[in-house]
>>> print(open('model_2.cif').read())   # mmCIF, C-alpha atoms
data_coords
loop_
_atom_site.group_PDB
_atom_site.id
_atom_site.type_symbol
_atom_site.label_atom_id
_atom_site.label_comp_id
_atom_site.auth_asym_id
_atom_site.auth_seq_id
_atom_site.Cartn_x
_atom_site.Cartn_y
_atom_site.Cartn_z
ATOM 1 C CA MET A 1 -114.125 -58.232 -2.864
ATOM 2 C CA ARG A 2 -114.787 -61.606 -4.400
ATOM 3 C CA ALA A 3 -111.716 -63.000 -2.690
ATOM 4 C CA SER A 4 -112.821 -61.688 0.636
ATOM 5 C CA LEU A 5 -116.280 -63.150 0.121
ATOM 6 C CA GLY A 6 -114.642 -66.461 -0.729
ATOM 7 C CA THR A 7 -112.529 -66.347 2.366
ATOM 8 C CA SER A 8 -115.431 -65.548 4.577
ATOM 9 C CA HIS A 9 -117.397 -68.395 3.030
ATOM 10 C CA ALA A 10 -114.475 -70.737 3.659
ATOM 11 C CA ASP A 11 -114.183 -69.420 7.197
ATOM 12 C CA SER A 12 -117.811 -70.117 7.791
ATOM 13 C CA LEU A 13 -117.457 -73.623 6.363
ATOM 14 C CA LEU A 14 -114.414 -74.170 8.536
ATOM 15 C CA GLN A 15 -116.336 -72.925 11.528
ATOM 16 C CA LYS A 16 -119.116 -75.376 10.738
ATOM 17 C CA GLU A 17 -116.610 -78.201 10.408
ATOM 18 C CA CYS A 18 -115.079 -77.267 13.749
ATOM 19 C CA ASP A 19 -118.545 -77.367 15.227
ATOM 20 C CA MET A 20 -119.090 -80.783 13.725
ATOM 21 C CA ASN A 21 -115.754 -82.350 14.548
ATOM 22 C CA HIS A 22 -114.122 -80.658 17.460
ATOM 23 C CA MET A 23 -116.553 -78.534 19.326
ATOM 24 C CA VAL A 24 -118.768 -81.335 20.551
ATOM 25 C CA LYS A 25 -118.913 -81.055 24.281
ATOM 26 C CA VAL A 26 -120.202 -83.842 26.506
ATOM 27 C CA LEU A 27 -122.256 -81.954 29.074
ATOM 28 C CA HIS A 28 -122.723 -84.947 31.288
ATOM 29 C CA THR A 29 -123.030 -88.711 31.210
ATOM 30 C CA ALA A 30 -125.746 -90.487 33.138
ATOM 31 C CA LYS A 31 -124.801 -93.980 34.262
ATOM 32 C CA THR A 32 -127.337 -96.521 35.371
ATOM 33 C CA GLU A 33 -127.012 -100.149 36.360
ATOM 34 C CA THR A 34 -130.061 -102.296 35.740
ATOM 35 C CA THR A 35 -130.584 -105.899 36.751
ATOM 36 C CA GLY A 36 -133.598 -108.123 36.240
ATOM 37 C CA ASP A 37 -136.072 -106.944 33.608
ATOM 38 C CA ARG A 38 -139.052 -104.664 33.180
ATOM 39 C CA ASP A 39 -141.218 -106.974 35.288
ATOM 40 C CA ASN A 40 -139.007 -107.588 38.306
ATOM 41 C CA GLY A 41 -135.789 -105.593 37.966
ATOM 42 C CA THR A 42 -134.090 -102.748 39.731
ATOM 43 C CA SER A 43 -132.190 -99.793 38.355
ATOM 44 C CA ARG A 44 -129.779 -97.467 40.086
ATOM 45 C CA SER A 45 -127.812 -94.477 38.840
ATOM 46 C CA SER A 46 -124.100 -94.276 39.702
ATOM 47 C CA ASP A 47 -124.764 -91.159 41.824
ATOM 48 C CA GLY A 48 -127.503 -93.011 43.737
ATOM 49 C CA LEU A 49 -130.084 -90.294 43.009
ATOM 50 C CA LEU A 50 -132.170 -92.668 40.913
ATOM 51 C CA ASP A 51 -132.890 -95.925 42.676
ATOM 52 C CA ILE A 52 -136.035 -97.652 41.531
ATOM 53 C CA ARG A 53 -137.756 -100.987 41.394
ATOM 54 C CA LEU A 54 -139.454 -102.130 38.212
ATOM 55 C CA SER A 55 -142.721 -104.015 38.066
ATOM 56 C CA THR A 56 -145.392 -105.064 35.603
ATOM 57 C CA PRO A 57 -148.112 -102.396 35.414
ATOM 58 C CA GLY A 58 -151.030 -103.453 37.580
ATOM 59 C CA SER A 59 -149.091 -106.124 39.455
ATOM 60 C CA ALA A 60 -148.839 -106.354 43.237
ATOM 61 C CA ARG A 61 -145.111 -105.663 43.191
ATOM 62 C CA ILE A 62 -144.463 -101.985 43.942
ATOM 63 C CA GLY A 63 -142.369 -100.472 41.198
ATOM 64 C CA THR A 64 -142.313 -98.336 38.118
ATOM 65 C CA ASN A 65 -141.818 -99.295 34.473
ATOM 66 C CA PRO A 66 -139.868 -98.110 31.421
ATOM 67 C CA GLU A 67 -142.799 -96.139 29.982
ATOM 68 C CA GLN A 68 -143.193 -94.046 33.128
ATOM 69 C CA LEU A 69 -139.439 -93.491 33.312
ATOM 70 C CA PHE A 70 -139.230 -92.444 29.681
ATOM 71 C CA ALA A 71 -142.261 -90.157 30.058
ATOM 72 C CA ALA A 72 -140.610 -88.474 33.046
ATOM 73 C CA GLY A 73 -137.212 -88.174 31.325
ATOM 74 C CA TRP A 74 -138.560 -86.770 28.087
ATOM 75 C CA SER A 75 -140.793 -84.289 29.916
ATOM 76 C CA ALA A 76 -137.917 -83.050 32.083
ATOM 77 C CA SER A 77 -135.793 -82.476 29.004
ATOM 78 C CA PHE A 78 -138.680 -80.883 27.098
ATOM 79 C CA ALA A 79 -139.277 -78.502 30.028
ATOM 80 C CA ASN A 80 -135.597 -77.509 29.843
ATOM 81 C CA ALA A 81 -135.970 -76.917 26.110
ATOM 82 C CA ILE A 82 -138.960 -74.623 26.726
ATOM 83 C CA ALA A 83 -136.971 -72.731 29.366
ATOM 84 C CA LEU A 84 -134.113 -72.321 26.894
ATOM 85 C CA VAL A 85 -136.442 -70.958 24.211
ATOM 86 C CA ALA A 86 -137.926 -68.539 26.744
ATOM 87 C CA ARG A 87 -134.452 -67.314 27.713
ATOM 88 C CA LYS A 88 -133.439 -66.809 24.072
ATOM 89 C CA ARG A 89 -136.609 -64.854 23.343
ATOM 90 C CA LYS A 90 -136.479 -62.965 26.627
ATOM 91 C CA ILE A 91 -139.906 -64.246 27.598
ATOM 92 C CA ALA A 92 -140.579 -64.630 31.308
ATOM 93 C CA LEU A 93 -141.418 -68.269 31.913
ATOM 94 C CA PRO A 94 -144.614 -68.857 33.912
ATOM 95 C CA ALA A 95 -144.056 -70.244 37.398
ATOM 96 C CA LYS A 96 -146.373 -73.158 36.732
ATOM 97 C CA VAL A 97 -145.085 -74.848 33.601
ATOM 98 C CA SER A 98 -146.281 -78.427 33.566
ATOM 99 C CA ILE A 99 -146.154 -81.318 31.149
ATOM 100 C CA ASP A 100 -148.392 -84.356 31.261
ATOM 101 C CA ALA A 101 -146.737 -87.130 29.302
ATOM 102 C CA GLU A 102 -148.219 -90.392 28.122
ATOM 103 C CA VAL A 103 -146.018 -93.120 26.668
ATOM 104 C CA ASP A 104 -147.814 -96.113 25.138
ATOM 105 C CA LEU A 105 -146.282 -99.530 24.736
ATOM 106 C CA ASN A 106 -148.005 -101.119 21.730
ATOM 107 C CA PHE A 107 -147.763 -104.383 19.865
ATOM 108 C CA GLY A 108 -148.478 -104.664 16.137
ATOM 109 C CA ASP A 109 -147.286 -106.367 12.958
ATOM 110 C CA GLY A 110 -143.771 -105.011 13.413
ATOM 111 C CA GLY A 111 -143.577 -106.111 17.045
ATOM 112 C CA TYR A 112 -143.394 -103.768 20.024
ATOM 113 C CA PHE A 113 -143.443 -100.046 19.442
ATOM 114 C CA LEU A 114 -143.925 -96.812 21.362
ATOM 115 C CA SER A 115 -146.177 -93.818 20.868
ATOM 116 C CA THR A 116 -146.211 -90.681 22.984
ATOM 117 C CA ARG A 117 -148.240 -87.616 23.817
ATOM 118 C CA LEU A 118 -146.933 -84.549 25.617
ATOM 119 C CA ASN A 119 -149.556 -82.124 26.899
ATOM 120 C CA VAL A 120 -147.896 -78.838 27.808
ATOM 121 C CA ARG A 121 -149.329 -76.068 29.993
ATOM 122 C CA LEU A 122 -147.809 -72.591 29.848
ATOM 123 C CA PRO A 123 -150.351 -70.613 31.843
ATOM 124 C CA GLY A 124 -150.356 -66.849 31.513
ATOM 125 C CA LEU A 125 -148.716 -66.705 28.089
ATOM 126 C CA GLU A 126 -150.522 -65.597 24.969
ATOM 127 C CA ARG A 127 -151.528 -68.713 23.066
ATOM 128 C CA SER A 128 -149.661 -67.914 19.843
ATOM 129 C CA VAL A 129 -146.474 -67.121 21.794
ATOM 130 C CA ALA A 130 -146.803 -70.304 23.844
ATOM 131 C CA LYS A 131 -147.495 -72.396 20.733
ATOM 132 C CA ASP A 132 -144.391 -70.971 19.078
ATOM 133 C CA MET A 133 -142.273 -71.838 22.108
ATOM 134 C CA VAL A 134 -143.549 -75.420 22.173
ATOM 135 C CA ASP A 135 -142.832 -75.818 18.432
ATOM 136 C CA GLU A 136 -139.304 -74.475 18.886
ATOM 137 C CA ALA A 137 -138.731 -76.694 21.945
ATOM 138 C CA GLU A 138 -139.688 -79.728 19.885
ATOM 139 C CA LYS A 139 -136.932 -78.843 17.415
ATOM 140 C CA ILE A 140 -134.202 -78.609 20.041
ATOM 141 C CA CYS A 141 -135.163 -81.183 22.706
ATOM 142 C CA PRO A 142 -132.638 -84.049 22.387
ATOM 143 C CA TYR A 143 -135.349 -86.662 23.069
ATOM 144 C CA SER A 144 -137.614 -85.276 20.366
ATOM 145 C CA LYS A 145 -134.623 -85.409 18.016
ATOM 146 C CA ALA A 146 -133.625 -88.926 19.102
ATOM 147 C CA THR A 147 -137.069 -90.342 18.304
ATOM 148 C CA ARG A 148 -137.908 -88.208 15.236
ATOM 149 C CA ASP A 149 -139.775 -90.103 12.486
ATOM 150 C CA ASN A 150 -139.393 -93.386 14.405
ATOM 151 C CA ILE A 151 -142.392 -93.142 16.725
ATOM 152 C CA GLY A 152 -145.700 -91.283 16.816
ATOM 153 C CA VAL A 153 -145.398 -88.109 18.866
ATOM 154 C CA THR A 154 -148.229 -85.670 19.565
ATOM 155 C CA ILE A 155 -147.305 -82.478 21.362
ATOM 156 C CA LYS A 156 -150.193 -80.327 22.443
ATOM 157 C CA LEU A 157 -150.479 -77.001 24.146
ATOM 158 C CA ILE A 158 -153.415 -77.242 26.535
ATOM 159 C CA MET B 1 -153.007 -108.220 12.854
ATOM 160 C CA THR B 2 -154.524 -105.262 14.612
ATOM 161 C CA GLU B 3 -152.470 -103.108 16.872
ATOM 162 C CA LYS B 4 -152.901 -103.587 20.557
ATOM 163 C CA LEU B 5 -152.142 -101.018 23.204
ATOM 164 C CA LEU B 6 -150.449 -102.894 26.022
ATOM 165 C CA PHE B 7 -149.897 -100.131 28.506
ATOM 166 C CA THR B 8 -149.624 -96.364 28.884
ATOM 167 C CA GLY B 9 -147.243 -94.737 31.359
ATOM 168 C CA ASN B 10 -148.641 -91.390 32.521
ATOM 169 C CA THR B 11 -146.577 -88.759 34.294
ATOM 170 C CA HIS B 12 -147.176 -85.216 35.453
ATOM 171 C CA ASN B 13 -144.110 -82.983 35.404
ATOM 172 C CA THR B 14 -143.714 -79.573 36.988
ATOM 173 C CA ASN B 15 -140.912 -77.004 36.874
ATOM 174 C CA GLY B 16 -139.205 -74.866 39.506
ATOM 175 C CA PRO B 17 -137.059 -75.669 42.527
ATOM 176 C CA ALA B 18 -139.724 -78.055 43.811
ATOM 177 C CA GLY B 19 -140.301 -79.524 40.360
ATOM 178 C CA GLY B 20 -140.498 -83.186 39.657
ATOM 179 C CA ALA B 21 -142.223 -86.001 37.875
ATOM 180 C CA ARG B 22 -144.943 -88.161 39.312
ATOM 181 C CA SER B 23 -146.755 -91.016 37.611
ATOM 182 C CA THR B 24 -150.535 -91.032 37.878
ATOM 183 C CA ASP B 25 -150.363 -94.314 39.824
ATOM 184 C CA GLY B 26 -147.874 -92.717 42.267
ATOM 185 C CA ARG B 27 -145.304 -95.462 41.775
ATOM 186 C CA LEU B 28 -142.782 -93.121 40.209
ATOM 187 C CA ASP B 29 -142.149 -89.937 42.142
ATOM 188 C CA VAL B 30 -138.852 -88.177 41.437
ATOM 189 C CA LYS B 31 -137.607 -84.675 42.096
ATOM 190 C CA LEU B 32 -136.174 -82.941 39.031
ATOM 191 C CA PRO B 33 -134.570 -79.720 40.218
ATOM 192 C CA ALA B 34 -132.903 -78.187 37.165
ATOM 193 C CA PRO B 35 -130.187 -78.633 36.077
ATOM 194 C CA HIS B 36 -129.980 -82.068 37.611
ATOM 195 C CA PRO B 37 -129.222 -84.508 34.813
ATOM 196 C CA ALA B 38 -132.170 -86.720 35.696
ATOM 197 C CA ALA B 39 -133.592 -87.057 32.196
ATOM 198 C CA GLU B 40 -130.634 -89.098 30.978
ATOM 199 C CA GLN B 41 -130.700 -91.326 34.059
ATOM 200 C CA LEU B 42 -134.401 -91.973 33.567
ATOM 201 C CA PHE B 43 -133.891 -92.772 29.900
ATOM 202 C CA GLY B 44 -130.954 -95.065 30.710
ATOM 203 C CA ALA B 45 -133.061 -96.967 33.247
ATOM 204 C CA ALA B 46 -136.095 -97.177 30.942
ATOM 205 C CA TRP B 47 -134.161 -98.403 27.935
ATOM 206 C CA SER B 48 -132.053 -100.903 29.923
ATOM 207 C CA ALA B 49 -135.061 -102.484 31.601
ATOM 208 C CA CYS B 50 -136.901 -102.903 28.338
ATOM 209 C CA TYR B 51 -133.764 -104.035 26.513
ATOM 210 C CA MET B 52 -133.253 -106.803 29.062
ATOM 211 C CA GLY B 53 -136.792 -107.983 28.464
ATOM 212 C CA ALA B 54 -135.944 -108.079 24.751
ATOM 213 C CA ILE B 55 -132.821 -110.180 25.438
ATOM 214 C CA GLU B 56 -134.972 -112.628 27.416
ATOM 215 C CA LEU B 57 -137.453 -112.785 24.557
ATOM 216 C CA ALA B 58 -134.655 -113.395 22.029
ATOM 217 C CA ALA B 59 -133.332 -116.185 24.272
ATOM 218 C CA ALA B 60 -136.788 -117.757 24.653
ATOM 219 C CA GLN B 61 -137.269 -117.719 20.849
ATOM 220 C CA ARG B 62 -133.988 -119.637 20.504
ATOM 221 C CA LYS B 63 -134.725 -121.892 23.482
ATOM 222 C CA ILE B 64 -131.606 -120.638 25.228
ATOM 223 C CA LYS B 65 -131.841 -120.733 28.980
ATOM 224 C CA LEU B 66 -130.671 -117.498 30.544
ATOM 225 C CA PRO B 67 -129.084 -117.858 33.962
ATOM 226 C CA ASP B 68 -129.649 -115.146 36.592
ATOM 227 C CA GLY B 69 -127.286 -112.222 36.558
ATOM 228 C CA LEU B 70 -128.218 -110.518 33.309
ATOM 229 C CA ALA B 71 -127.225 -106.849 33.679
ATOM 230 C CA VAL B 72 -127.100 -103.721 31.538
ATOM 231 C CA ASP B 73 -124.967 -100.722 32.451
ATOM 232 C CA ALA B 74 -126.181 -97.808 30.388
ATOM 233 C CA GLU B 75 -124.353 -94.558 29.805
ATOM 234 C CA ILE B 76 -126.340 -91.781 28.174
ATOM 235 C CA ASP B 77 -124.402 -88.653 27.170
ATOM 236 C CA LEU B 78 -126.025 -85.296 26.755
ATOM 237 C CA ASN B 79 -123.852 -83.470 24.221
ATOM 238 C CA LEU B 80 -123.718 -79.980 22.849
ATOM 239 C CA ALA B 81 -122.407 -79.167 19.353
ATOM 240 C CA GLY B 82 -122.596 -75.463 18.628
ATOM 241 C CA SER B 83 -126.010 -74.724 20.070
ATOM 242 C CA ALA B 84 -127.522 -78.153 19.334
ATOM 243 C CA PHE B 85 -128.139 -80.718 22.047
ATOM 244 C CA PHE B 86 -127.984 -84.393 21.181
ATOM 245 C CA LEU B 87 -127.771 -87.794 22.859
ATOM 246 C CA ARG B 88 -125.340 -90.666 22.566
ATOM 247 C CA ALA B 89 -125.662 -94.038 24.283
ATOM 248 C CA ARG B 90 -123.498 -96.943 25.370
ATOM 249 C CA LEU B 91 -125.060 -100.135 26.628
ATOM 250 C CA ASN B 92 -122.668 -102.517 28.351
ATOM 251 C CA VAL B 93 -124.381 -105.856 28.612
ATOM 252 C CA SER B 94 -123.422 -108.780 30.790
ATOM 253 C CA VAL B 95 -124.942 -112.160 29.903
ATOM 254 C CA PRO B 96 -123.182 -114.594 32.237
ATOM 255 C CA GLY B 97 -123.329 -118.322 31.577
ATOM 256 C CA VAL B 98 -124.060 -118.048 27.842
ATOM 257 C CA GLU B 99 -121.465 -118.762 25.184
ATOM 258 C CA ARG B 100 -120.037 -115.508 23.794
ATOM 259 C CA ASP B 101 -121.233 -115.986 20.189
ATOM 260 C CA GLN B 102 -124.717 -116.815 21.370
ATOM 261 C CA ALA B 103 -124.752 -113.905 23.793
ATOM 262 C CA GLN B 104 -123.682 -111.556 20.985
ATOM 263 C CA THR B 105 -126.543 -112.826 18.799
ATOM 264 C CA LEU B 106 -128.974 -112.274 21.656
ATOM 265 C CA ILE B 107 -127.913 -108.679 22.309
ATOM 266 C CA ASP B 108 -127.947 -107.878 18.560
ATOM 267 C CA THR B 109 -131.397 -109.413 18.103
ATOM 268 C CA ALA B 110 -132.691 -107.594 21.187
ATOM 269 C CA HIS B 111 -132.148 -104.244 19.421
ATOM 270 C CA THR B 112 -134.612 -105.312 16.727
ATOM 271 C CA ILE B 113 -137.192 -106.212 19.394
ATOM 272 C CA CYS B 114 -136.809 -103.487 22.030
ATOM 273 C CA PRO B 115 -139.193 -100.571 21.310
ATOM 274 C CA TYR B 116 -136.714 -98.059 22.794
ATOM 275 C CA SER B 117 -133.922 -99.228 20.468
ATOM 276 C CA LYS B 118 -136.375 -98.918 17.572
ATOM 277 C CA ALA B 119 -137.472 -95.455 18.716
ATOM 278 C CA VAL B 120 -133.945 -94.017 18.452
ATOM 279 C CA HIS B 121 -132.704 -96.169 15.558
ATOM 280 C CA GLY B 122 -130.696 -94.117 13.051
ATOM 281 C CA ASN B 123 -131.132 -90.924 15.082
ATOM 282 C CA ILE B 124 -128.513 -91.327 17.778
ATOM 283 C CA GLU B 125 -125.205 -93.170 18.076
ATOM 284 C CA VAL B 126 -125.597 -96.370 20.072
ATOM 285 C CA THR B 127 -122.720 -98.649 21.059
ATOM 286 C CA THR B 128 -123.602 -102.024 22.520
ATOM 287 C CA THR B 129 -120.783 -103.988 24.122
ATOM 288 C CA LEU B 130 -120.902 -107.482 25.517
ATOM 289 C CA VAL B 131 -118.846 -107.379 28.708
#
>>> encode(input="model_2.cif", output="structure tokens")
Amino acid sequence: MRASLGTSHADSLLQKECDMNHMVKVLHTAKTETTGDRDNGTSRSSDGLLDIRLSTPGSARIGTNPEQLFAAGWSASFANAIALVARKRKIALPAKVSIDAEVDLNFGDGGYFLSTRLNVRLPGLERSVAKDMVDEAEKICPYSKATRDNIGVTIKLI
Amino acid sequence: MTEKLLFTGNTHNTNGPAGGARSTDGRLDVKLPAPHPAAEQLFGAAWSACYMGAIELAAAQRKIKLPDGLAVDAEIDLNLAGSAFFLRARLNVSVPGVERDQAQTLIDTAHTICPYSKAVHGNIEVTTTLV
């Protein structure tokens, strides 16, 4: 009995190690080529689906900026994370999920830094259920993980 | 020194087949039909643009003149290990017309300036290559 417990423990450790070392799967790689800078540059993805001009906020040049791009990217990923949580919990996702994201570019003693707010709407779901889904999404969203403890993040269910 | 908010990027994102992201000023307006891998492209573009600004700042601090032609090719992987999603990034930087040692110093210093590099520092694997 003890031996079999030991084996199963080892198996589970081995499984974990496999997960860590061999079972990493690259789902996709996004490639972008950017020239110029945040004030006057352009950026294009290798598949051509993203093709944008960059400009200083408030300037006459038509273009977007890194903070808008990051807000859009994070939100898209966070929406996927919410959808994944809903699927796992067999909760029907509302048709009108929306996320308003705000990404601040700040300057302080330590130089430039970011802070973000994600305001999530899950209309039609009970508030406690929706809150739970948002909390779980924050744990699994790769952008939330990538920035954890490095920047201020406020995620609100509204 | 007190902190100063320089700028806030605002976007509104919606789901579904007609989903997308739109900035409040209307200057960014992209369709994001799932499962299109747009998030990683957007992050690659955001980081690269800001990172190039940081390289320019590092050059200005050292009074190094940067010729035109600075470029960053970013590759952002979305990975899955078990059931956990995570990111990995490669930034391939071209700094033409600057001596290699100097260029390397600039791209290393830029990571300590760029707020996107700082935001992911220690949390994801980042490889920066001078090409």
>>> closest_residue(input="model_2.cif", among="A:Asp37, A:Asp132, A:Glu126, A:Asp47", to="chain B", atoms="all atoms listed in the file")
A:Asp37
>>> closest_atom_pairs(input="model_2.cif", of="chain B", to="chain A", cutoff="7 Å", atoms="all atoms listed in the file", output="tab-separated table")
residue	atom	partner	partner_atom	distance
B:Met1	CA	A:Asp109	CA	6.0
B:Thr2	CA	A:Gly108	CA	6.3
B:Glu3	CA	A:Gly108	CA	4.3
B:Lys4	CA	A:Phe107	CA	5.2
B:Leu5	CA	A:Asn106	CA	4.4
B:Leu6	CA	A:Asn106	CA	5.2
B:Phe7	CA	A:Leu105	CA	5.3
B:Thr8	CA	A:Asp104	CA	4.2
B:Gly9	CA	A:Gln68	CA	4.5
B:Asn10	CA	A:Glu102	CA	4.5
B:Thr11	CA	A:Ala101	CA	5.3
B:His12	CA	A:Asp100	CA	4.4
B:Asn13	CA	A:Ile99	CA	5.0
B:Thr14	CA	A:Ser98	CA	4.4
B:Asn15	CA	A:Val97	CA	5.7
B:Ala21	CA	A:Ala72	CA	5.7
B:Ser23	CA	A:Gln68	CA	6.5
B:Arg27	CA	A:Thr64	CA	5.5
B:Leu28	CA	A:Thr64	CA	5.6
B:Ala38	CA	A:Gly73	CA	6.8
B:Ala39	CA	A:Gly73	CA	3.9
B:Glu40	CA	A:Ala30	CA	5.5
B:Gln41	CA	A:Ala30	CA	5.1
B:Leu42	CA	A:Gly73	CA	5.2
B:Phe43	CA	A:Phe70	CA	5.4
B:Gly44	CA	A:Thr32	CA	6.1
B:Ala45	CA	A:Ser43	CA	5.9
B:Ala46	CA	A:Pro66	CA	3.9
B:Trp47	CA	A:Pro66	CA	6.7
B:Ser48	CA	A:Thr34	CA	6.3
B:Ala49	CA	A:Arg38	CA	4.8
B:Cys50	CA	A:Arg38	CA	5.6
B:Met52	CA	A:Asp37	CA	5.4
B:Gly53	CA	A:Asp37	CA	5.3
B:Leu70	CA	A:Thr35	CA	6.2
B:Ala71	CA	A:Thr35	CA	4.7
B:Val72	CA	A:Thr34	CA	5.3
B:Asp73	CA	A:Glu33	CA	4.4
B:Ala74	CA	A:Thr32	CA	5.3
B:Glu75	CA	A:Lys31	CA	4.5
B:Ile76	CA	A:Ala30	CA	5.2
B:Asp77	CA	A:Thr29	CA	4.3
B:Leu78	CA	A:Leu27	CA	5.5
B:Asn79	CA	A:Val26	CA	4.3
B:Leu80	CA	A:Lys25	CA	5.1
B:Ala81	CA	A:Val24	CA	4.4
B:Gly82	CA	A:Asp19	CA	5.6
B:Ala84	CA	A:Ile140	CA	6.7
B:Phe85	CA	A:Pro142	CA	5.6
B:Phe86	CA	A:Pro142	CA	4.8
B:Leu87	CA	A:Pro142	CA	6.2
B:Ile113	CA	A:Tyr112	CA	6.7
B:Cys114	CA	A:Tyr112	CA	6.9
B:Pro115	CA	A:Phe113	CA	4.7
B:Ala119	CA	A:Thr147	CA	5.1
B:Val120	CA	A:Thr147	CA	4.8
B:Asn123	CA	A:Ala146	CA	5.1
B:Ile124	CA	A:Ala146	CA	5.8
>>> axis_aligned_box(input="model_2.cif", around="range 135-149 of chain A", padding_each_side="4 Å", output="lines of an AutoDock Vina configuration file")
center_x = -137.7
center_y = -82.4
center_z = 17.8
size_x = 18.2
size_y = 23.9
size_z = 18.6
>>> atom_distance(input="model_2.cif", atom1="CA of Ala110 in chain B", atom2="CA of Ile55 in chain B")
5.0 Å
>>> atom_distance(input="model_2.cif", atom1="CA of Gly69 in chain B", atom2="CA of Ala60 in chain A")
23.3 Å
>>> atom_distance(input="model_2.cif", atom1="CA of Val85 in chain A", atom2="CA of Glu125 in chain B")
25.6 Å
>>> resolve_selection(input="model_2.cif", expression="the PyMOL selection byres ((chain B and resi 57-62) around 10)", output="ChimeraX atom specification")
/B:51-56,63-66,102-103,105-114
>>> write_last_selection(input="model_2.cif", atoms="C-alpha atoms", output="mmCIF file, keeping the file's coordinate frame")
data_model
loop_
_atom_site.group_PDB
_atom_site.id
_atom_site.type_symbol
_atom_site.label_atom_id
_atom_site.label_comp_id
_atom_site.auth_asym_id
_atom_site.auth_seq_id
_atom_site.Cartn_x
_atom_site.Cartn_y
_atom_site.Cartn_z
ATOM 1 C CA TYR B 51 -133.764 -104.035 26.513
ATOM 2 C CA MET B 52 -133.253 -106.803 29.062
ATOM 3 C CA GLY B 53 -136.792 -107.983 28.464
ATOM 4 C CA ALA B 54 -135.944 -108.079 24.751
ATOM 5 C CA ILE B 55 -132.821 -110.180 25.438
ATOM 6 C CA GLU B 56 -134.972 -112.628 27.416
ATOM 7 C CA LYS B 63 -134.725 -121.892 23.482
ATOM 8 C CA ILE B 64 -131.606 -120.638 25.228
ATOM 9 C CA LYS B 65 -131.841 -120.733 28.980
ATOM 10 C CA LEU B 66 -130.671 -117.498 30.544
ATOM 11 C CA GLN B 102 -124.717 -116.815 21.370
ATOM 12 C CA ALA B 103 -124.752 -113.905 23.793
ATOM 13 C CA THR B 105 -126.543 -112.826 18.799
ATOM 14 C CA LEU B 106 -128.974 -112.274 21.656
ATOM 15 C CA ILE B 107 -127.913 -108.679 22.309
ATOM 16 C CA ASP B 108 -127.947 -107.878 18.560
ATOM 17 C CA THR B 109 -131.397 -109.413 18.103
ATOM 18 C CA ALA B 110 -132.691 -107.594 21.187
ATOM 19 C CA HIS B 111 -132.148 -104.244 19.421
ATOM 20 C CA THR B 112 -134.612 -105.312 16.727
ATOM 21 C CA ILE B 113 -137.192 -106.212 19.394
ATOM 22 C CA CYS B 114 -136.809 -103.487 22.030
#
>>> decode(input="model_2.cif", residues="range 2-41 of chain B", atoms="C-alpha atoms", output="compact mmCIF listing (two decimals), in the first residue's frame")
# COMPACT_ATOMS: atom_id res chain seq x y z
CA THR B 2 5.67 63.74 -7.40
CA GLU B 3 4.26 61.30 -9.86
CA LYS B 4 2.86 62.70 -13.04
CA LEU B 5 0.29 61.02 -15.22
CA LEU B 6 1.42 61.59 -18.79
CA PHE B 7 -1.34 59.91 -20.70
CA THR B 8 -4.12 57.33 -20.44
CA GLY B 9 -5.06 55.05 -23.33
CA ASN B 10 -8.75 54.14 -23.14
CA THR B 11 -10.30 51.29 -25.08
CA HIS B 12 -13.71 49.66 -25.19
CA ASN B 13 -13.68 45.96 -26.02
CA THR B 14 -16.63 43.78 -26.94
CA ASN B 15 -16.97 40.04 -27.53
CA GLY B 16 -18.71 37.95 -30.18
CA PRO B 17 -18.20 37.53 -33.92
CA ALA B 18 -18.41 41.30 -34.39
CA GLY B 19 -16.22 41.95 -31.36
CA GLY B 20 -13.34 44.33 -31.35
CA ALA B 21 -11.47 47.06 -29.57
CA ARG B 22 -11.93 50.75 -30.11
CA SER B 23 -10.11 53.57 -28.38
CA THR B 24 -12.24 56.40 -27.03
CA ASP B 25 -10.53 58.81 -29.45
CA GLY B 26 -11.37 56.47 -32.36
CA ARG B 27 -7.77 56.27 -33.53
CA LEU B 28 -7.49 52.58 -32.75
CA ASP B 29 -10.29 50.45 -34.13
CA VAL B 30 -9.52 46.75 -34.56
CA LYS B 31 -11.70 43.70 -35.01
CA LEU B 32 -10.94 40.89 -32.57
CA PRO B 33 -12.93 37.87 -33.68
CA ALA B 34 -11.91 35.02 -31.39
CA PRO B 35 -9.67 33.10 -31.65
CA HIS B 36 -7.67 35.50 -33.75
CA PRO B 37 -4.31 35.95 -32.04
CA ALA B 38 -4.63 39.73 -32.01
CA ALA B 39 -3.71 40.26 -28.37
CA GLU B 40 -0.11 39.17 -28.92
CA GLN B 41 0.22 41.31 -32.04
